[in-house]
$ cat run.txt   # compact mmCIF, C-alpha atoms
# COMPACT_ATOMS: atom_id res chain seq x y z
CA MET A 611 0.00 0.00 0.00
CA ILE A 612 1.46 3.33 -1.05
CA ASP A 613 0.54 6.46 0.87
CA MET A 614 -0.87 9.03 -1.49
CA PRO A 615 -1.63 12.68 -0.85
CA GLU A 616 -5.35 13.18 -0.44
CA ASP A 617 -5.72 15.49 -3.41
CA VAL A 618 -4.38 12.90 -5.84
CA PRO A 619 -7.35 11.15 -7.42
CA ALA A 620 -7.49 7.37 -7.38
CA PRO A 621 -6.51 6.14 -10.83
CA ILE A 622 -8.80 3.96 -12.88
CA GLY A 623 -7.80 0.46 -11.86
CA ASP A 624 -8.43 -2.90 -13.47
CA ASP A 625 -11.02 -3.48 -10.78
CA ASP A 626 -13.17 -0.66 -12.16
CA ARG A 627 -13.56 -2.01 -15.69
CA PRO A 628 -15.59 1.05 -16.63
CA ALA A 629 -17.67 1.86 -19.67
CA LEU A 630 -19.00 5.32 -20.47
CA LEU A 631 -22.69 5.19 -21.29
CA VAL A 632 -23.78 8.23 -23.33
CA ILE A 633 -27.55 8.25 -22.99
CA ASP A 634 -29.82 9.97 -25.51
CA VAL A 635 -27.58 12.86 -26.52
CA GLN A 636 -29.55 13.56 -29.65
CA GLY A 637 -30.43 16.46 -31.92
CA ASP A 638 -28.92 19.91 -32.31
CA LEU A 639 -27.00 20.84 -29.16
CA THR A 640 -26.63 24.47 -30.34
CA ARG A 641 -30.39 25.06 -30.17
CA SER A 642 -32.42 25.55 -27.00
CA ARG A 643 -34.93 22.75 -26.33
CA ARG A 644 -36.65 24.77 -23.65
CA ASP A 645 -40.45 25.18 -23.74
CA GLU A 646 -41.09 27.95 -21.24
CA ALA A 647 -44.85 27.33 -21.13
CA ARG A 648 -44.30 23.72 -20.00
CA ASP A 649 -41.18 24.55 -17.94
CA PHE A 650 -39.55 21.72 -19.89
CA PRO A 651 -36.80 20.63 -20.02
CA MET A 652 -34.62 22.18 -17.29
CA PRO A 653 -33.02 25.58 -18.05
CA ASP A 654 -29.79 25.50 -20.10
CA PHE A 655 -30.46 21.84 -20.89
CA ASN A 656 -28.01 21.50 -23.76
CA SER A 657 -25.22 23.28 -21.86
CA TYR A 658 -24.89 20.12 -19.74
CA PHE A 659 -24.67 17.97 -22.87
CA ARG A 660 -22.01 20.26 -24.35
CA ARG A 661 -19.79 19.34 -21.39
CA ILE A 662 -19.79 15.68 -22.45
CA PRO A 663 -17.38 15.73 -25.47
CA ALA A 664 -14.32 16.53 -23.31
CA LEU A 665 -15.12 13.50 -21.14
CA ILE A 666 -15.58 11.32 -24.21
CA ALA A 667 -12.20 12.43 -25.58
CA ALA A 668 -10.49 11.61 -22.26
CA ALA A 669 -12.22 8.23 -22.04
CA ARG A 670 -11.20 7.45 -25.60
CA ARG A 671 -7.55 8.27 -24.82
CA ARG A 672 -7.68 5.77 -21.97
CA ALA A 673 -9.44 3.08 -24.06
CA VAL A 674 -12.56 3.20 -21.90
CA PRO A 675 -15.34 1.61 -24.00
CA LEU A 676 -17.96 4.08 -25.23
CA VAL A 677 -21.57 2.96 -25.51
CA TYR A 678 -24.01 5.34 -27.18
CA MET A 679 -27.67 4.85 -26.40
CA GLN A 680 -30.20 6.30 -28.83
CA GLU A 681 -33.91 6.47 -28.13
CA VAL A 682 -35.98 5.79 -31.24
CA HIS A 683 -39.64 5.34 -32.04
CA HIS A 684 -41.23 4.10 -35.22
CA PRO A 685 -43.00 6.79 -37.28
CA SER A 686 -46.23 4.77 -36.94
CA ARG A 687 -45.97 5.40 -33.16
CA LEU A 688 -46.91 1.80 -32.46
CA ASP A 689 -43.93 1.34 -30.13
CA PHE A 690 -44.67 4.15 -27.66
CA GLY A 691 -46.37 1.83 -25.18
CA ARG A 692 -47.64 3.99 -22.30
CA GLU A 693 -45.12 6.81 -22.99
CA LEU A 694 -47.77 9.20 -24.32
CA ASP A 695 -50.11 8.68 -21.35
CA GLY A 696 -48.18 11.18 -19.21
CA PHE A 697 -46.25 14.42 -19.59
CA GLU A 698 -44.15 13.40 -22.60
CA ARG A 699 -45.21 14.06 -26.16
CA VAL A 700 -44.26 12.30 -29.40
CA HIS A 701 -40.45 12.20 -29.55
CA CYS A 702 -37.47 10.57 -31.25
CA LEU A 703 -39.25 9.42 -34.41
CA GLU A 704 -36.85 7.47 -36.59
CA ASP A 705 -37.57 9.61 -39.66
CA ASN A 706 -36.83 12.88 -37.83
CA PRO A 707 -33.26 14.20 -38.36
CA ALA A 708 -33.29 15.50 -34.75
CA THR A 709 -33.37 11.90 -33.53
CA ALA A 710 -29.77 11.40 -34.70
CA ILE A 711 -27.03 11.19 -32.09
CA ALA A 712 -25.51 14.67 -31.75
CA PRO A 713 -22.31 15.05 -33.84
CA GLU A 714 -20.56 16.73 -30.88
CA VAL A 715 -20.35 13.43 -28.98
CA ASP A 716 -18.33 11.94 -31.83
CA ARG A 717 -19.75 8.46 -32.20
CA ARG A 718 -17.28 6.44 -34.29
CA PRO A 719 -17.71 3.12 -36.10
CA GLU A 720 -15.66 1.27 -33.49
CA ASP A 721 -17.89 2.51 -30.65
CA PHE A 722 -20.94 0.66 -29.43
CA TRP A 723 -24.34 1.94 -30.48
CA VAL A 724 -27.54 0.63 -28.95
CA ARG A 725 -31.03 1.79 -29.87
CA LYS A 726 -33.85 1.61 -27.35
CA ARG A 727 -37.61 2.11 -27.41
CA ARG A 728 -38.13 2.54 -23.68
CA TYR A 729 -36.48 4.60 -20.91
CA SER A 730 -34.04 2.08 -19.48
CA SER A 731 -30.99 1.25 -21.58
CA PHE A 732 -31.45 -2.35 -20.45
CA PHE A 733 -35.08 -2.74 -21.50
CA ALA A 734 -35.32 -5.03 -24.54
CA THR A 735 -31.84 -4.04 -25.80
CA ASP A 736 -28.60 -5.94 -26.38
CA LEU A 737 -26.68 -3.72 -23.95
CA GLU A 738 -26.11 -6.50 -21.45
CA VAL A 739 -24.56 -8.78 -24.08
CA LEU A 740 -22.07 -6.04 -24.94
CA LEU A 741 -21.26 -5.29 -21.28
CA ARG A 742 -20.67 -8.98 -20.64
CA GLY A 743 -18.29 -9.14 -23.58
CA LEU A 744 -16.48 -6.05 -22.34
CA GLN A 745 -16.39 -7.49 -18.79
CA THR A 746 -17.69 -4.13 -17.61
CA ARG A 747 -18.18 -3.74 -13.86
CA THR A 748 -18.69 0.00 -13.58
CA LEU A 749 -20.97 2.23 -15.61
CA TRP A 750 -20.38 5.97 -15.90
CA LEU A 751 -23.60 7.65 -16.96
CA VAL A 752 -23.96 10.91 -18.89
CA GLY A 753 -26.80 12.33 -20.99
CA GLY A 754 -30.50 12.70 -20.38
CA PHE A 755 -32.99 12.95 -18.95
CA THR A 756 -31.45 12.69 -15.50
CA ASP A 757 -34.83 11.78 -14.01
CA VAL A 758 -35.98 9.37 -16.72
CA CYS A 759 -33.58 7.44 -18.94
CA VAL A 760 -30.49 8.06 -16.78
CA HIS A 761 -32.25 7.33 -13.47
CA TYR A 762 -34.01 4.20 -14.75
CA THR A 763 -30.87 2.92 -16.50
CA PHE A 764 -29.05 3.46 -13.19
CA ALA A 765 -31.74 1.53 -11.28
CA ASP A 766 -31.59 -1.36 -13.74
CA ALA A 767 -27.78 -1.44 -13.69
CA HIS A 768 -27.87 -1.34 -9.87
CA GLN A 769 -30.29 -4.29 -9.74
CA ARG A 770 -28.01 -6.22 -12.12
CA GLY A 771 -25.02 -5.72 -9.81
CA TYR A 772 -23.11 -3.01 -11.68
CA ARG A 773 -21.39 -0.22 -9.84
CA CYS A 774 -22.66 3.06 -11.20
CA ALA A 775 -21.53 6.64 -11.27
CA VAL A 776 -23.55 9.53 -12.59
CA VAL A 777 -21.59 12.53 -13.82
CA GLU A 778 -23.87 15.12 -12.31
CA ASP A 779 -22.78 18.09 -14.44
CA CYS A 780 -23.05 16.04 -17.67
CA VAL A 781 -26.69 15.04 -17.22
CA ALA A 782 -29.82 17.17 -17.66
CA GLY A 783 -33.39 16.58 -16.58
CA SER A 784 -36.98 17.19 -17.61
CA SER A 785 -37.10 19.89 -14.92
CA LEU A 786 -34.61 21.21 -12.39
CA ALA A 787 -36.61 19.75 -9.49
CA ALA A 788 -36.85 16.33 -11.13
CA HIS A 789 -33.13 16.42 -12.04
CA THR A 790 -32.16 17.18 -8.43
CA ALA A 791 -34.51 14.56 -6.98
CA ALA A 792 -33.21 11.89 -9.36
CA LEU A 793 -29.59 12.59 -8.39
CA GLU A 794 -30.63 12.15 -4.74
CA ALA A 795 -32.47 8.90 -5.57
CA MET A 796 -29.35 7.52 -7.31
CA GLU A 797 -27.24 8.55 -4.31
CA TYR A 798 -29.69 6.59 -2.12
CA LEU A 799 -29.12 3.46 -4.24
CA GLN A 800 -25.32 3.77 -4.35
CA PRO A 801 -23.86 6.28 -1.88
CA GLY A 802 -20.95 8.17 -3.42
CA CYS A 803 -22.16 7.62 -7.00
CA ARG A 804 -22.35 11.32 -7.86
CA LEU A 805 -19.20 12.53 -9.61
CA THR A 806 -18.30 15.78 -11.29
CA ARG A 807 -16.79 15.84 -14.75
CA GLU A 808 -13.68 17.44 -13.29
CA ALA A 809 -13.20 14.61 -10.78
CA LEU A 810 -13.65 11.97 -13.45
CA LEU A 811 -11.29 13.76 -15.85
CA ARG A 812 -8.66 13.86 -13.12
CA ARG A 813 -9.09 10.15 -12.49
CA LEU A 814 -8.80 9.44 -16.22
CA GLU A 815 -5.59 11.43 -16.33
CA ALA A 816 -4.08 9.68 -13.27
CA GLY A 817 -2.42 6.29 -13.51
CA ALA A 818 -3.08 3.35 -15.76
CA THR A 819 -6.39 1.85 -16.80
CA MET B 364 -53.86 10.41 -23.95
CA PRO B 365 -56.49 10.56 -21.16
CA ARG B 366 -57.10 7.21 -19.52
CA ALA B 367 -59.67 5.80 -17.12
CA LEU B 368 -58.56 4.95 -13.61
CA ILE B 369 -59.04 1.29 -14.48
CA GLU B 370 -58.23 0.19 -18.06
CA GLY B 371 -58.98 -3.47 -18.70
CA ARG B 372 -58.70 -5.79 -15.72
CA PRO B 373 -57.02 -4.47 -12.57
CA ALA B 374 -54.91 -6.08 -9.87
CA VAL B 375 -53.54 -4.69 -6.61
CA VAL B 376 -49.94 -5.41 -5.60
CA VAL B 377 -48.90 -4.73 -2.01
CA LEU B 378 -45.18 -4.05 -1.58
CA GLY B 379 -42.73 -3.69 1.26
CA ARG B 380 -42.66 -4.58 4.91
CA ARG B 381 -44.56 -3.01 7.78
CA LYS B 382 -47.72 -2.85 5.71
CA GLN B 383 -49.77 -2.56 8.88
CA ARG B 384 -48.77 1.07 9.32
CA PHE B 385 -50.95 2.18 6.40
CA ALA B 386 -54.32 2.78 8.00
CA ARG B 387 -56.26 2.97 4.73
CA LEU B 388 -54.81 -0.23 3.26
CA PRO B 389 -57.26 -2.73 4.85
CA ALA B 390 -60.27 -0.90 3.37
CA LEU B 391 -58.58 -0.77 -0.05
CA LEU B 392 -57.91 -4.51 0.03
CA ALA B 393 -61.43 -5.29 1.27
CA ALA B 394 -62.93 -3.30 -1.62
CA ALA B 395 -60.68 -5.06 -4.12
CA ARG B 396 -61.66 -8.50 -2.83
CA THR B 397 -65.36 -7.64 -2.86
CA ALA B 398 -65.04 -6.57 -6.49
CA GLY B 399 -63.11 -9.69 -7.44
CA VAL B 400 -59.92 -7.71 -8.07
CA PRO B 401 -56.87 -9.93 -7.41
CA VAL B 402 -54.56 -8.91 -4.55
CA LEU B 403 -50.90 -9.92 -4.90
CA TRP B 404 -48.15 -9.64 -2.29
CA ALA B 405 -44.53 -8.81 -3.00
CA VAL B 406 -42.41 -10.33 -0.25
CA ALA B 407 -38.69 -10.50 0.41
CA PRO B 408 -37.55 -14.12 0.85
CA GLU B 409 -36.32 -13.48 4.38
CA ALA B 410 -39.66 -11.96 5.42
CA GLY B 411 -41.65 -15.09 4.70
CA ILE B 412 -45.29 -15.44 3.81
CA ALA B 413 -46.35 -15.80 7.45
CA ASP B 414 -45.42 -12.15 8.05
CA ASP B 415 -48.23 -11.03 5.79
CA GLU B 416 -51.03 -11.48 8.25
CA ALA B 417 -53.31 -9.43 6.04
CA ALA B 418 -53.00 -11.82 3.09
CA LEU B 419 -55.74 -14.37 2.41
CA PRO B 420 -54.57 -17.97 1.97
CA ASP B 421 -55.32 -18.05 -1.77
CA GLU B 422 -53.61 -14.75 -2.62
CA TYR B 423 -50.49 -14.84 -4.75
CA HIS B 424 -47.06 -14.06 -3.27
CA ILE B 425 -44.24 -12.82 -5.48
CA ARG B 426 -40.80 -13.40 -4.01
CA VAL B 427 -38.64 -10.37 -4.77
CA ARG B 428 -34.88 -10.07 -4.45
CA ARG B 429 -34.46 -6.66 -6.01
CA HIS B 430 -36.32 -3.35 -5.85
CA SER B 431 -38.57 -3.94 -8.85
CA ILE B 432 -41.30 -6.54 -8.40
CA PHE B 433 -40.70 -7.54 -12.04
CA TYR B 434 -36.95 -8.18 -11.74
CA GLY B 435 -36.28 -11.92 -11.75
CA THR B 436 -39.83 -12.79 -10.66
CA ASP B 437 -42.77 -14.58 -12.25
CA LEU B 438 -45.04 -11.54 -11.95
CA SER B 439 -45.37 -11.03 -15.73
CA ILE B 440 -46.60 -14.60 -16.17
CA VAL B 441 -49.14 -14.26 -13.37
CA LEU B 442 -50.43 -10.93 -14.67
CA ALA B 443 -50.77 -12.34 -18.19
CA ASP B 444 -52.69 -15.37 -16.86
CA LEU B 445 -55.00 -13.05 -14.94
CA GLY B 446 -55.46 -10.82 -18.00
CA VAL B 447 -54.43 -7.78 -15.97
CA ARG B 448 -53.88 -4.44 -17.77
CA THR B 449 -53.98 -2.00 -14.82
CA LEU B 450 -51.62 -2.42 -11.89
CA ILE B 451 -52.43 -0.67 -8.62
CA LEU B 452 -49.50 -0.40 -6.24
CA ALA B 453 -49.76 0.05 -2.47
CA GLY B 454 -47.32 -0.31 0.43
CA GLY B 455 -43.76 0.95 0.48
CA VAL B 456 -41.22 2.22 -0.12
CA THR B 457 -42.58 4.88 -2.49
CA SER B 458 -39.17 6.11 -3.61
CA VAL B 459 -37.61 2.70 -4.19
CA ALA B 460 -39.67 -0.49 -4.71
CA VAL B 461 -42.85 1.33 -5.73
CA HIS B 462 -41.09 3.76 -8.07
CA TYR B 463 -38.92 1.17 -9.84
CA SER B 464 -41.79 -1.34 -10.04
CA PHE B 465 -43.92 1.40 -11.59
CA VAL B 466 -41.18 2.07 -14.16
CA ASP B 467 -41.05 -1.61 -15.13
CA ALA B 468 -44.85 -1.85 -15.30
CA HIS B 469 -44.93 1.32 -17.42
CA GLN B 470 -42.23 0.04 -19.78
CA ASN B 471 -44.15 -3.23 -20.07
CA ASP B 472 -47.23 -1.27 -21.24
CA TYR B 473 -49.33 -1.67 -18.10
CA PHE B 474 -51.57 1.12 -16.93
CA CYS B 475 -50.27 1.92 -13.49
CA ARG B 476 -51.73 3.67 -10.44
CA VAL B 477 -50.43 4.20 -6.92
CA ALA B 478 -52.46 4.46 -3.70
CA GLN B 479 -50.48 7.42 -2.45
CA ASP B 480 -52.05 7.45 1.02
CA CYS B 481 -51.13 3.77 1.48
CA MET B 482 -47.35 4.18 1.11
CA ALA B 483 -44.36 6.03 2.53
CA GLY B 484 -40.97 7.00 1.15
CA SER B 485 -37.45 6.74 2.50
CA SER B 486 -38.00 10.41 3.36
CA GLU B 487 -40.84 12.87 2.82
CA PRO B 488 -39.06 14.69 -0.08
CA ALA B 489 -38.17 11.32 -1.68
CA HIS B 490 -41.81 10.21 -1.36
CA ASP B 491 -43.02 13.43 -3.03
CA ALA B 492 -40.40 13.28 -5.79
CA ALA B 493 -41.26 9.66 -6.61
CA LEU B 494 -44.97 10.47 -6.80
CA ARG B 495 -44.21 13.36 -9.17
CA ALA B 496 -42.01 11.10 -11.30
CA MET B 497 -44.79 8.52 -11.58
CA GLU B 498 -47.35 11.18 -12.48
CA TYR B 499 -44.87 12.37 -15.18
CA MET B 500 -44.98 8.87 -16.71
CA GLN B 501 -48.74 8.41 -16.54
CA SER B 502 -51.16 11.24 -15.88
CA GLY B 503 -53.60 10.22 -13.17
CA ALA B 504 -51.19 7.70 -11.65
CA ARG B 505 -51.50 9.29 -8.20
CA ARG B 506 -54.70 8.24 -6.46
CA GLN B 507 -56.21 8.26 -3.00
CA ALA B 508 -57.44 4.98 -1.53
CA ALA B 509 -60.98 6.40 -1.48
CA GLU B 510 -60.90 6.98 -5.27
CA LEU B 511 -59.63 3.47 -5.89
CA ILE B 512 -62.30 2.00 -3.61
CA ALA B 513 -64.99 3.86 -5.57
CA ALA B 514 -63.50 2.64 -8.86
CA PHE B 515 -63.49 -0.96 -7.62
CA GLY B 516 -67.20 -0.60 -6.82
CA ALA B 517 -67.90 0.64 -10.35
CA PHE B 518 -65.72 -2.10 -11.83
CA GLN B 519 -67.75 -4.74 -10.03
CA VAL B 520 -71.00 -3.36 -11.45
CA SER B 521 -69.69 -3.32 -15.02
CA LYS B 522 -68.22 -6.83 -14.86

$ encode --input "run.txt" --output "structure tokens"
Amino acid sequence: MIDMPEDVPAPIGDDDRPALLVIDVQGDLTRSRRDEARDFPMPDFNSYFRRIPALIAAARRRAVPLVYMQEVHHPSRLDFGRELDGFERVHCLEDNPATAIAPEVDRRPEDFWVRKRRYSSFFATDLEVLLRGLQTRTLWLVGGFTDVCVHYTFADAHQRGYRCAVVEDCVAGSSLAAHTAALEAMEYLQPGCRLTREALLRRLEAGAT
Amino acid sequence: MPRALIEGRPAVVVLGRRKQRFARLPALLAAARTAGVPVLWAVAPEAGIADDEAALPDEYHIRVRRHSIFYGTDLSIVLADLGVRTLILAGGVTSVAVHYSFVDAHQNDYFCRVAQDCMAGSSEPAHDAALRAMEYMQSGARRQAAELIAAFGAFQVSK
């Protein structure tokens, strides 16, 4: 055991076996998505997403696997299930250019790309097959919505035995209150799971993966 | 899309331990049974069926090992056999088992309601936030036991 000064971040060890899950970062990140009348989504929504590319670049340098989730729905709307029975409206239609993964997050052919038709990244997707192949033990979550797809992906990952971290300044919610409450709910499931981008960048830059 | 409180056939699922602390739960269960609405019990393996003194001998017990009552359980099979489309959740904990079970029910296309005066959260803010999150998923998800009891009465008449 080597004594280390407290301000030196723990490096990413073999025990972590992390993967960075980029959840539903779709559409034009330069445009505001905010609907003031519905107070939806949270203010400055895309500014949180625009913080993600630097983390992706650092993860890529350290050979951390990148998994891009993309929510899609068929133009016929037959696959919405109960999703239109609440606050959400029609979204992520496959024939809408805004459904594409945002170019800023730099999805490359060698990355993993998983489409989903529900909130959780695990629901009826092949994500778990990929994570098993990668021998992933830890999931780092970024993207949106904090209180929907991120929170419910976290809960599913937690129930499957993965360690999870949510990068709290790289996620954005349907409202500020819901975003804050979801971060607290994730902290309840796995205490210490809330990280800042800065802390994770420092860990990525320290020591060997 | 606006939905009725009960769409298709309903079932009540009671979650969590210490169910006896919810004063309105016995009346809710009595109304369900009178209307022929199935009552199911989600129990942790270590709790044991005997702990559920409120359960009738022929009521179904789902043995849960995770937060969601769907995760690794036979609940989907039972609900399909019963022809259930609307799931009514009662018991606790609002912000954990109830919330994540609601999410799974929602993603599996069930209509889902919660008896909000028959459950408690890990904290009062967590309880409120979970109820808001469930209402976000399905408008009209949050119900009082009295409303559900009235709906069971109407369901019985229309059967």

$ residues_around --input "run.txt" --residues "Gly783 in chain A" --least-positions-apart "5" --cutoff "10 Å" --atoms "only C-alpha atoms" --output "mmCIF file with C-alpha atoms, in the frame of the given file"
data_model
loop_
_atom_site.group_PDB
_atom_site.id
_atom_site.type_symbol
_atom_site.label_atom_id
_atom_site.label_comp_id
_atom_site.auth_asym_id
_atom_site.auth_seq_id
_atom_site.Cartn_x
_atom_site.Cartn_y
_atom_site.Cartn_z
ATOM 1 C CA PHE A 650 -39.550 21.720 -19.890
ATOM 2 C CA PRO A 651 -36.800 20.630 -20.020
ATOM 3 C CA MET A 652 -34.620 22.180 -17.290
ATOM 4 C CA PRO A 653 -33.020 25.580 -18.050
ATOM 5 C CA PHE A 655 -30.460 21.840 -20.890
ATOM 6 C CA TYR A 658 -24.890 20.120 -19.740
ATOM 7 C CA GLY A 753 -26.800 12.330 -20.990
ATOM 8 C CA GLY A 754 -30.500 12.700 -20.380
ATOM 9 C CA PHE A 755 -32.990 12.950 -18.950
ATOM 10 C CA THR A 756 -31.450 12.690 -15.500
ATOM 11 C CA ASP A 757 -34.830 11.780 -14.010
ATOM 12 C CA VAL A 758 -35.980 9.370 -16.720
ATOM 13 C CA CYS A 759 -33.580 7.440 -18.940
ATOM 14 C CA VAL A 760 -30.490 8.060 -16.780
ATOM 15 C CA HIS A 761 -32.250 7.330 -13.470
ATOM 16 C CA ALA A 788 -36.850 16.330 -11.130
ATOM 17 C CA HIS A 789 -33.130 16.420 -12.040
ATOM 18 C CA THR A 790 -32.160 17.180 -8.430
ATOM 19 C CA ALA A 791 -34.510 14.560 -6.980
ATOM 20 C CA ALA A 792 -33.210 11.890 -9.360
ATOM 21 C CA LEU A 793 -29.590 12.590 -8.390
#

$ closest_residue --input "run.txt" --among "A:Arg727, A:Pro628, A:Ala664, A:Pro713" --to "His684 in chain A" --atoms "all atoms listed in the file"
A:Arg727

$ closest_atom_pairs --input "run.txt" --of "chain B" --to "chain A" --cutoff "10 Å" --atoms "only C-alpha atoms" --output "Markdown table"
| residue | atom | partner | partner_atom | distance |
| --- | --- | --- | --- | --- |
| B:Met364 | CA | A:Asp695 | CA | 4.9 |
| B:Pro365 | CA | A:Asp695 | CA | 6.7 |
| B:Arg366 | CA | A:Asp695 | CA | 7.4 |
| B:Arg428 | CA | A:Gln769 | CA | 9.1 |
| B:Arg429 | CA | A:Gln769 | CA | 6.1 |
| B:His430 | CA | A:Gln769 | CA | 7.2 |
| B:Ser431 | CA | A:Gln769 | CA | 8.3 |
| B:Tyr434 | CA | A:Gln769 | CA | 8.0 |
| B:Gly435 | CA | A:Gln769 | CA | 9.9 |
| B:Ser458 | CA | A:Ala795 | CA | 7.5 |
| B:Val459 | CA | A:Ala795 | CA | 8.2 |
| B:His462 | CA | A:Tyr762 | CA | 9.7 |
| B:Tyr463 | CA | A:Ala765 | CA | 7.3 |
| B:Val466 | CA | A:Tyr762 | CA | 7.5 |
| B:Asp467 | CA | A:Phe733 | CA | 8.8 |
| B:Ala468 | CA | A:Arg692 | CA | 9.5 |
| B:His469 | CA | A:Arg692 | CA | 6.2 |
| B:Gln470 | CA | A:Arg728 | CA | 6.2 |
| B:Asn471 | CA | A:Gly691 | CA | 7.5 |
| B:Asp472 | CA | A:Gly691 | CA | 5.1 |
| B:Tyr473 | CA | A:Arg692 | CA | 7.2 |
| B:Phe474 | CA | A:Arg692 | CA | 7.2 |
| B:Cys475 | CA | A:Arg692 | CA | 9.4 |
| B:Ser485 | CA | A:Tyr798 | CA | 9.0 |
| B:Pro488 | CA | A:Ala791 | CA | 8.3 |
| B:Ala489 | CA | A:Ala791 | CA | 7.2 |
| B:Asp491 | CA | A:Ala791 | CA | 9.4 |
| B:Ala492 | CA | A:Ala791 | CA | 6.1 |
| B:Ala493 | CA | A:Ala791 | CA | 8.3 |
| B:Arg495 | CA | A:Ala788 | CA | 8.2 |
| B:Ala496 | CA | A:Ala788 | CA | 7.3 |
| B:Met497 | CA | A:Gly696 | CA | 8.8 |
| B:Glu498 | CA | A:Gly696 | CA | 6.8 |
| B:Tyr499 | CA | A:Phe697 | CA | 5.1 |
| B:Met500 | CA | A:Gly696 | CA | 4.7 |
| B:Gln501 | CA | A:Gly696 | CA | 3.9 |
| B:Ser502 | CA | A:Gly696 | CA | 4.5 |
| B:Gly503 | CA | A:Gly696 | CA | 8.2 |
| B:Ala504 | CA | A:Gly696 | CA | 8.9 |

$ closest_residue --input "run.txt" --among "A:Val752, A:Glu646, A:Val700, A:Gly623" --to "Phe659 in chain A" --atoms "only C-alpha atoms"
A:Val752

$ closest_residue --input "run.txt" --among "A:Leu630, A:Leu737, A:Glu681, A:Ile622" --to "Val776 in chain A" --atoms "all atoms listed in the file"
A:Leu630

$ residues_around --input "run.txt" --residues "range 384-394 of chain B" --least-positions-apart "3" --cutoff "6 Å" --atoms "all atoms listed in the file" --output "list in words"
Thr397, Cys481 and Ile512 of chain B

$ write_last_selection --input "run.txt" --atoms "C-alpha atoms" --output "PDB file, in the frame of the given file"
ATOM      1  CA  THR B 397     -65.360  -7.640  -2.860  1.00  0.00           C
ATOM      2  CA  CYS B 481     -51.130   3.770   1.480  1.00  0.00           C
ATOM      3  CA  ILE B 512     -62.300   2.000  -3.610  1.00  0.00           C
TER       4      ILE B 512
END

$ atom_distance --input "run.txt" --atom1 "CA of Ala367 in chain B" --atom2 "CA of Arg476 in chain B"
10.6 Å

$ atom_distance --input "run.txt" --atom1 "CA of Leu445 in chain B" --atom2 "CA of Phe518 in chain B"
15.6 Å

$ residues_around --input "run.txt" --residues "Glu815 in chain A" --least-positions-apart "5" --cutoff "9 Å" --atoms "only C-alpha atoms" --output "list in words"
Pro621, Ile622, Ala668, Arg672 and Leu810 of chain A

$ write_last_selection --input "run.txt" --atoms "C-alpha atoms" --output "compact mmCIF listing (two decimals), in the coordinates of the input"
# COMPACT_ATOMS: atom_id res chain seq x y z
CA PRO A 621 -6.51 6.14 -10.83
CA ILE A 622 -8.80 3.96 -12.88
CA ALA A 668 -10.49 11.61 -22.26
CA ARG A 672 -7.68 5.77 -21.97
CA LEU A 810 -13.65 11.97 -13.45

$ atom_distance --input "run.txt" --atom1 "CA of Ile451 in chain B" --atom2 "CA of Val377 in chain B"
8.5 Å

$ residues_around --input "run.txt" --residues "Thr746 in chain A" --least-positions-apart "3" --cutoff "12 Å" --atoms "only C-alpha atoms" --output "PDB file with C-alpha atoms, keeping the file's coordinate frame"
ATOM      1  CA  ASP A 624      -8.430  -2.900 -13.470  1.00  0.00           C
ATOM      2  CA  ASP A 625     -11.020  -3.480 -10.780  1.00  0.00           C
ATOM      3  CA  ASP A 626     -13.170  -0.660 -12.160  1.00  0.00           C
ATOM      4  CA  ARG A 627     -13.560  -2.010 -15.690  1.00  0.00           C
ATOM      5  CA  PRO A 628     -15.590   1.050 -16.630  1.00  0.00           C
ATOM      6  CA  ALA A 629     -17.670   1.860 -19.670  1.00  0.00           C
ATOM      7  CA  LEU A 630     -19.000   5.320 -20.470  1.00  0.00           C
ATOM      8  CA  LEU A 631     -22.690   5.190 -21.290  1.00  0.00           C
ATOM      9  CA  VAL A 674     -12.560   3.200 -21.900  1.00  0.00           C
ATOM     10  CA  PRO A 675     -15.340   1.610 -24.000  1.00  0.00           C
ATOM     11  CA  LEU A 676     -17.960   4.080 -25.230  1.00  0.00           C
ATOM     12  CA  VAL A 677     -21.570   2.960 -25.510  1.00  0.00           C
ATOM     13  CA  LEU A 737     -26.680  -3.720 -23.950  1.00  0.00           C
ATOM     14  CA  GLU A 738     -26.110  -6.500 -21.450  1.00  0.00           C
ATOM     15  CA  VAL A 739     -24.560  -8.780 -24.080  1.00  0.00           C
ATOM     16  CA  LEU A 740     -22.070  -6.040 -24.940  1.00  0.00           C
ATOM     17  CA  LEU A 741     -21.260  -5.290 -21.280  1.00  0.00           C
ATOM     18  CA  ARG A 742     -20.670  -8.980 -20.640  1.00  0.00           C
ATOM     19  CA  GLY A 743     -18.290  -9.140 -23.580  1.00  0.00           C
ATOM     20  CA  LEU A 749     -20.970   2.230 -15.610  1.00  0.00           C
ATOM     21  CA  TRP A 750     -20.380   5.970 -15.900  1.00  0.00           C
ATOM     22  CA  ALA A 767     -27.780  -1.440 -13.690  1.00  0.00           C
ATOM     23  CA  ARG A 770     -28.010  -6.220 -12.120  1.00  0.00           C
ATOM     24  CA  GLY A 771     -25.020  -5.720  -9.810  1.00  0.00           C
ATOM     25  CA  TYR A 772     -23.110  -3.010 -11.680  1.00  0.00           C
ATOM     26  CA  ARG A 773     -21.390  -0.220  -9.840  1.00  0.00           C
ATOM     27  CA  CYS A 774     -22.660   3.060 -11.200  1.00  0.00           C
TER      28      CYS A 774
END

$ closest_residue --input "run.txt" --among "B:Gly454, B:Arg448, B:Glu422, B:Pro408" --to "Thr436 in chain B" --atoms "only C-alpha atoms"
B:Pro408
